[in-house]
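Everything below belongs to final_5.pdb, which stores PDB, C-alpha atoms.
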```pdb
ATOM      1  CA  MET A 676     -21.672   3.725  27.319
ATOM      2  CA  VAL A 677     -18.362   5.489  27.948
ATOM      3  CA  LYS A 678     -16.509   8.007  25.796
ATOM      4  CA  PHE A 679     -12.739   7.860  25.372
ATOM      5  CA  ALA A 680     -10.662  10.652  23.848
ATOM      6  CA  LEU A 681      -7.570   9.814  21.819
ATOM      7  CA  GLN A 682      -4.991  12.493  22.517
ATOM      8  CA  LEU A 683      -1.981  13.009  20.274
ATOM      9  CA  LYS A 684       1.300  14.697  21.102
ATOM     10  CA  ALA A 685       3.956  15.470  18.492
ATOM     11  CA  ASN A 686       6.629  17.959  17.545
ATOM     12  CA  LEU A 687       5.546  19.710  14.317
ATOM     13  CA  GLU A 688       8.164  21.395  12.128
ATOM     14  CA  ASN A 689       6.809  24.022   9.706
ATOM     15  CA  ILE A 690       3.420  22.296   9.273
ATOM     16  CA  THR A 691      -0.028  22.608  10.817
ATOM     17  CA  ARG A 692      -3.503  20.995  10.636
ATOM     18  CA  LEU A 693      -2.255  17.403  11.009
ATOM     19  CA  ARG A 694      -5.399  15.292  10.653
ATOM     20  CA  PRO A 695      -6.785  11.991   9.383
ATOM     21  CA  LEU A 696      -7.773  12.257   5.720
ATOM     22  CA  GLY A 697     -11.201  11.015   4.626
ATOM     23  CA  ASP A 698     -14.021   8.940   6.084
ATOM     24  CA  ASP A 699     -12.079   5.791   5.131
ATOM     25  CA  PHE A 700      -9.155   6.667   7.456
ATOM     26  CA  ARG A 701      -8.253   3.555   9.459
ATOM     27  CA  TRP A 702      -7.965   3.974  13.227
ATOM     28  CA  PHE A 703      -5.787   1.019  14.315
ATOM     29  CA  LEU A 704      -6.587   0.127  17.926
ATOM     30  CA  LYS A 705      -6.057  -2.543  20.530
ATOM     31  CA  LEU A 706      -9.206  -3.024  22.582
ATOM     32  CA  LYS A 707      -9.890  -4.404  26.048
ATOM     33  CA  CYS A 708     -13.128  -6.147  27.033
ATOM     34  CA  GLY A 709     -14.752  -4.281  29.906
ATOM     35  CA  ASN A 710     -16.285  -7.507  31.224
ATOM     36  CA  CYS A 711     -13.315  -9.908  31.476
ATOM     37  CA  GLY A 712     -10.314  -7.649  30.758
ATOM     38  CA  GLU A 713      -9.132  -9.599  27.682
ATOM     39  CA  VAL A 714      -6.974  -7.397  25.401
ATOM     40  CA  SER A 715      -6.915  -8.046  21.660
ATOM     41  CA  ASP A 716      -3.521  -9.336  20.557
ATOM     42  CA  LYS A 717      -3.916  -8.039  17.002
ATOM     43  CA  TRP A 718      -4.473  -4.510  15.750
ATOM     44  CA  GLN A 719      -8.073  -3.912  14.717
ATOM     45  CA  TYR A 720      -9.176  -0.962  12.635
ATOM     46  CA  ILE A 721     -12.367   1.026  12.417
ATOM     47  CA  THR A 722     -13.410   3.767   9.996
ATOM     48  CA  LEU A 723     -16.130   6.418   9.931
ATOM     49  CA  MET A 724     -17.613   4.628   6.894
ATOM     50  CA  ASP A 725     -18.204   1.421   8.866
ATOM     51  CA  SER A 726     -21.686   1.071  10.330
ATOM     52  CA  VAL A 727     -22.883  -2.131  11.955
ATOM     53  CA  PRO A 728     -26.373  -2.393  13.514
ATOM     54  CA  LEU A 729     -26.501  -3.027  17.250
ATOM     55  CA  LYS A 730     -28.632  -5.845  18.684
ATOM     56  CA  GLY A 731     -32.135  -4.834  19.684
ATOM     57  CA  GLY A 732     -32.300  -1.937  17.223
ATOM     58  CA  ARG A 733     -30.311   0.424  19.474
ATOM     59  CA  GLY A 734     -28.668   2.188  16.542
ATOM     60  CA  SER A 735     -25.311   1.357  14.990
ATOM     61  CA  ALA A 736     -21.586   1.459  15.718
ATOM     62  CA  SER A 737     -18.338   1.499  13.742
ATOM     63  CA  MET A 738     -17.570  -2.014  15.007
ATOM     64  CA  VAL A 739     -19.412  -4.704  16.929
ATOM     65  CA  GLN A 740     -17.458  -7.705  18.179
ATOM     66  CA  LYS A 741     -17.891 -10.653  20.460
ATOM     67  CA  CYS A 742     -15.157 -11.152  23.072
ATOM     68  CA  LYS A 743     -13.165 -14.348  22.413
ATOM     69  CA  LEU A 744     -12.908 -15.104  26.122
ATOM     70  CA  CYS A 745     -16.298 -14.262  27.652
ATOM     71  CA  SER A 746     -18.479 -14.045  24.485
ATOM     72  CA  ARG A 747     -19.923 -10.667  25.469
ATOM     73  CA  GLU A 748     -20.950  -8.472  22.526
ATOM     74  CA  ASN A 749     -19.199  -5.099  22.656
ATOM     75  CA  SER A 750     -19.130  -2.083  20.350
ATOM     76  CA  ILE A 751     -17.124   1.027  19.552
ATOM     77  CA  ASP A 752     -18.201   4.031  17.497
ATOM     78  CA  ILE A 753     -16.153   6.931  16.133
ATOM     79  CA  LEU A 754     -17.736  10.276  17.037
ATOM     80  CA  GLY A 755     -17.138  12.116  13.740
ATOM     81  CA  PRO A 756     -17.944  15.642  15.021
ATOM     82  CA  SER A 757     -15.248  15.243  17.723
ATOM     83  CA  MET A 758     -12.408  15.016  15.172
ATOM     84  CA  GLN A 759      -9.955  17.919  15.489
ATOM     85  CA  PRO A 760      -6.723  18.726  13.626
ATOM     86  CA  TYR A 761      -3.434  18.887  15.526
ATOM     87  CA  ASN A 762      -2.072  22.378  14.862
ATOM     88  CA  ALA A 763       1.357  24.047  15.068
ATOM     89  CA  GLU A 764       0.361  25.766  18.323
ATOM     90  CA  ASP A 765      -0.474  22.346  19.837
ATOM     91  CA  SER A 766       3.073  21.100  19.210
ATOM     92  CA  GLU A 767       4.536  19.116  22.127
ATOM     93  CA  ARG A 768       1.214  19.111  24.049
ATOM     94  CA  PHE A 769      -1.470  16.426  24.259
ATOM     95  CA  LYS A 770      -4.605  17.355  22.314
ATOM     96  CA  THR A 771      -7.768  15.338  21.670
ATOM     97  CA  ILE A 772      -8.007  14.475  17.961
ATOM     98  CA  VAL A 773     -11.010  12.105  18.122
ATOM     99  CA  GLU A 774     -13.455  10.562  20.588
ATOM    100  CA  PHE A 775     -14.837   7.028  20.644
ATOM    101  CA  GLU A 776     -18.127   5.939  22.197
ATOM    102  CA  CYS A 777     -17.625   2.509  23.742
ATOM    103  CA  ARG A 778     -20.042  -0.121  25.014
ATOM    104  CA  GLY A 779     -18.164  -2.871  26.851
ATOM    105  CA  LEU A 780     -14.807  -1.989  25.253
ATOM    106  CA  GLU A 781     -11.900   0.235  26.170
ATOM    107  CA  PRO A 782      -9.219   1.343  23.692
ATOM    108  CA  VAL A 783      -5.797   0.659  25.228
ATOM    109  CA  ASP A 784      -3.393   1.314  22.340
ATOM    110  CA  PHE A 785      -3.293   3.227  19.041
ATOM    111  CA  GLN A 786      -1.004   2.663  16.044
ATOM    112  CA  PRO A 787      -0.867   5.675  13.729
ATOM    113  CA  GLN A 788      -0.300   4.580  10.143
ATOM    114  CA  ALA A 789      -0.800   6.056   6.671
ATOM    115  CA  GLY A 790      -3.613   8.415   5.758
ATOM    116  CA  PHE A 791      -2.749  11.582   7.660
ATOM    117  CA  ALA A 792      -2.630  14.989   5.966
ATOM    118  CA  ALA A 793      -1.243  18.394   6.929
ATOM    119  CA  GLU A 794      -0.297  21.684   5.329
ATOM    120  CA  GLY A 795       2.707  23.984   5.328
ATOM    121  CA  ALA A 796       2.489  26.391   8.268
ATOM    122  CA  GLU A 797       3.450  29.441   6.174
ATOM    123  CA  THR A 798       2.502  28.353   2.653
ATOM    124  CA  GLY A 799      -0.548  26.121   3.021
ATOM    125  CA  THR A 800       1.208  23.539   0.813
ATOM    126  CA  PRO A 801      -0.818  20.306   1.124
ATOM    127  CA  PHE A 802       0.874  17.114   2.294
ATOM    128  CA  ASN A 803      -1.704  14.353   1.781
ATOM    129  CA  ASP A 804       0.157  11.093   2.260
ATOM    130  CA  ILE A 805       1.675  11.240   5.738
ATOM    131  CA  ASN A 806       2.541   7.873   7.282
ATOM    132  CA  LEU A 807       3.178   8.033  11.048
ATOM    133  CA  GLN A 808       3.809   4.329  11.628
ATOM    134  CA  GLU A 809       7.475   5.052  12.454
ATOM    135  CA  LYS A 810       6.365   7.925  14.778
ATOM    136  CA  ASP A 811       8.319  10.374  12.553
ATOM    137  CA  TRP A 812       7.723  11.819   9.072
ATOM    138  CA  THR A 813       9.718  14.325   7.003
ATOM    139  CA  ASP A 814       9.320  16.076   3.658
ATOM    140  CA  TYR A 815      10.267  19.327   1.940
ATOM    141  CA  ASP A 816       8.046  22.360   1.284
ATOM    142  CA  GLU A 817       9.141  23.652  -2.134
ATOM    143  CA  LYS A 818       7.251  26.971  -1.746
ATOM    144  CA  ALA A 819       8.864  27.814   1.595
ATOM    145  CA  LYS A 820      12.169  26.127   0.690
ATOM    146  CA  GLU A 821      12.328  24.458   4.100
ATOM    147  CA  SER A 822      12.022  21.003   5.595
ATOM    148  CA  VAL A 823       8.781  19.966   7.233
ATOM    149  CA  GLY A 824       8.175  17.141   9.639
ATOM    150  CA  VAL A 825       6.263  15.411  12.394
ATOM    151  CA  TYR A 826       8.440  13.990  15.165
ATOM    152  CA  GLU A 827       8.134  12.073  18.438
ATOM    153  CA  VAL A 828       4.485  11.072  17.969
ATOM    154  CA  THR A 829       2.937   9.723  21.176
ATOM    155  CA  HIS A 830      -0.627   9.253  22.359
ATOM    156  CA  GLN A 831      -2.825   8.609  25.367
ATOM    157  CA  PHE A 832      -6.474   7.772  25.988
ATOM    158  CA  LYS A 833      -8.597   9.772  28.430
ATOM    159  CA  LYS A 834     -12.072   9.038  29.709
ATOM    160  CA  CYS A 835     -14.408  11.887  28.742
TER     161      CYS A 835
END
```

Is it possible to give me this structure as C-alpha cells?
Amino acid sequence: MVKFALQLKANLENITRLRPLGDDFRWFLKLKCGNCGEVSDKWQYITLMDSVPLKGGRGSASMVQKCKLCSRENSIDILGPSMQPYNAEDSERFKTIVEFECRGLEPVDFQPQAGFAAEGAETGTPFNDINLQEKDWTDYDEKAKESVGVYEVTHQFKKC
C-alpha cells in the first residue's frame, strides 16, 4: 500500500480556498498498473462516496479494478481527511490538495474538471461552479468590483 499526494499549482487572482465541492466530486485520473506498467487509455473517476469492498474482507476502497493486461486486482482510495484547499498564499506553488492510498496502482495523470469552489479573497463571495478543464477560469466579484480567476493550473503526483 502506497500513498500518493496530488499537488496543485495555479495562479489565483482575488480568490482563495479553491477546493473540490462535495463528496460526489469526481477526481479524473489515469492509472498505471504497478505489476505490468499498463496505463489506462481513458480517464477514470473516483469519488469519496464510492466504496467497494476489497477481496478477503480487507476493508474497502473508492475503486477496485482488474488490470486489462495482467488481470491483477488493484485498488485506489481517496483519503478524505487529507483534502486541503488551495489558498491565495499558495498561489504559484505546488501544494498537496488530496492523497490517495493505492494498492497495485499509481496515478499518473489528473484532469481537473467541474465541481471546484472558491471564495473572494477580500469579500468571501462564494464561487461554487468552477470548471478547470481548460486550466483557466474567470469570473467577476460584484462585491469587490474586481475580476477573479484561476490561471495556469498544473499538477504533479508525489509519493508520500

Item to check | Which of A:Phe791, A:Tyr761, A:Val783, A:Phe679 sits closest to Asp699 of chain A [using all atoms listed in the file] | outcome: A:Phe791

Checklist entry - Near Gly795 of chain A, within 8 Å and counting only C-alpha atoms, which residues show up once chain neighbours fewer than 3 positions away are dropped, as a ChimeraX atom specification? => result /A:689-691,798-802,816,823

Enumerate, in order of chain and increasing residue number, the residues of segment 755-782 of chain A with an atom no farther than 7 Å from segment 682-687 of chain A, each with its shortest atom pair and distance in Å to one decimal, counting only C-alpha atoms, as JSON lines.
```
{"residue": "A:Ala763", "atom": "CA", "partner": "A:Leu687", "partner_atom": "CA", "distance": 6.1}
{"residue": "A:Ser766", "atom": "CA", "partner": "A:Asn686", "partner_atom": "CA", "distance": 5.0}
{"residue": "A:Glu767", "atom": "CA", "partner": "A:Asn686", "partner_atom": "CA", "distance": 5.2}
{"residue": "A:Arg768", "atom": "CA", "partner": "A:Lys684", "partner_atom": "CA", "distance": 5.3}
{"residue": "A:Phe769", "atom": "CA", "partner": "A:Lys684", "partner_atom": "CA", "distance": 4.5}
{"residue": "A:Lys770", "atom": "CA", "partner": "A:Gln682", "partner_atom": "CA", "distance": 4.9}
{"residue": "A:Thr771", "atom": "CA", "partner": "A:Gln682", "partner_atom": "CA", "distance": 4.1}
{"residue": "A:Ile772", "atom": "CA", "partner": "A:Gln682", "partner_atom": "CA", "distance": 5.8}
```

Next on the checklist: Which residues would end up in the selection if the PyMOL selection byres ((chain A and resi 773) around 8) were applied here, given that I need the answer as an MDAnalysis selection string?
Outcome noted: chainID A and resid 680:682 753:755 757:759 771:772 774:775

Item to check | Closest of A:Asp698, A:Asp784, A:Glu776, A:Glu748 to Lys717 of chain A - atom-to-atom distances counting only C-alpha atoms | outcome: A:Asp784

Spatial neighbours of Gly779 of chain A, 8 Å, all atoms listed in the file, chain gap at least 3 places, as a compact mmCIF listing (two decimals) with C-alpha atoms, keeping the file's coordinate frame:
```txt
# COMPACT_ATOMS: atom_id res chain seq x y z
CA MET A 676 -21.67 3.72 27.32
CA CYS A 708 -13.13 -6.15 27.03
CA GLY A 709 -14.75 -4.28 29.91
CA ASN A 710 -16.28 -7.51 31.22
CA GLU A 748 -20.95 -8.47 22.53
CA ASN A 749 -19.20 -5.10 22.66
CA SER A 750 -19.13 -2.08 20.35
```

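Counting all atoms listed in the file, the residue from A:Ala819, A:Leu696, A:Leu706, A:Val714 that sits nearest to Glu781 of chain A is A:Leu706.
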
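Every residue that the PyMOL selection byres ((chain A and resi 724) around 12) selects in this file is listed here: Gly697, Asp698, Asp699, Phe700, Arg701, Trp702, Tyr720, Ile721, Thr722, Leu723, Asp725, Ser726, Val727, Ser735, Ala736, Ser737, Met738, Asp752, Ile753, Leu754 and Gly755 of chain A.
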
So that I can check the surroundings of Arg692 of chain A, please list as a compact mmCIF listing (two decimals) with C-alpha atoms, in the coordinates of the input every protein, DNA and RNA residue that reaches within 7 Å of it, counting only C-alpha atoms and ignoring chain neighbours fewer than 2 positions away.
```
# COMPACT_ATOMS: atom_id res chain seq x y z
CA ARG A 694 -5.40 15.29 10.65
CA PRO A 760 -6.72 18.73 13.63
CA TYR A 761 -3.43 18.89 15.53
CA ASN A 762 -2.07 22.38 14.86
CA ALA A 793 -1.24 18.39 6.93
CA GLU A 794 -0.30 21.68 5.33
```

Checklist outcome for this item: The distance between atom CA of Phe832 of chain A and atom CA of Leu704 of chain A is 11.1 Å

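What the PyMOL selection byres ((chain A and resi 787) around 7) matches in the given file is Phe703, Phe785, Gln786, Gln788, Leu807 and Gln808 of chain A.
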
Filtering to C-alpha atoms, could you give me those residues as a compact mmCIF listing (two decimals), keeping the file's coordinate frame?
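Final output, part-v4.txt:
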```
# COMPACT_ATOMS: atom_id res chain seq x y z
CA PHE A 703 -5.79 1.02 14.32
CA PHE A 785 -3.29 3.23 19.04
CA GLN A 786 -1.00 2.66 16.04
CA GLN A 788 -0.30 4.58 10.14
CA LEU A 807 3.18 8.03 11.05
CA GLN A 808 3.81 4.33 11.63
```
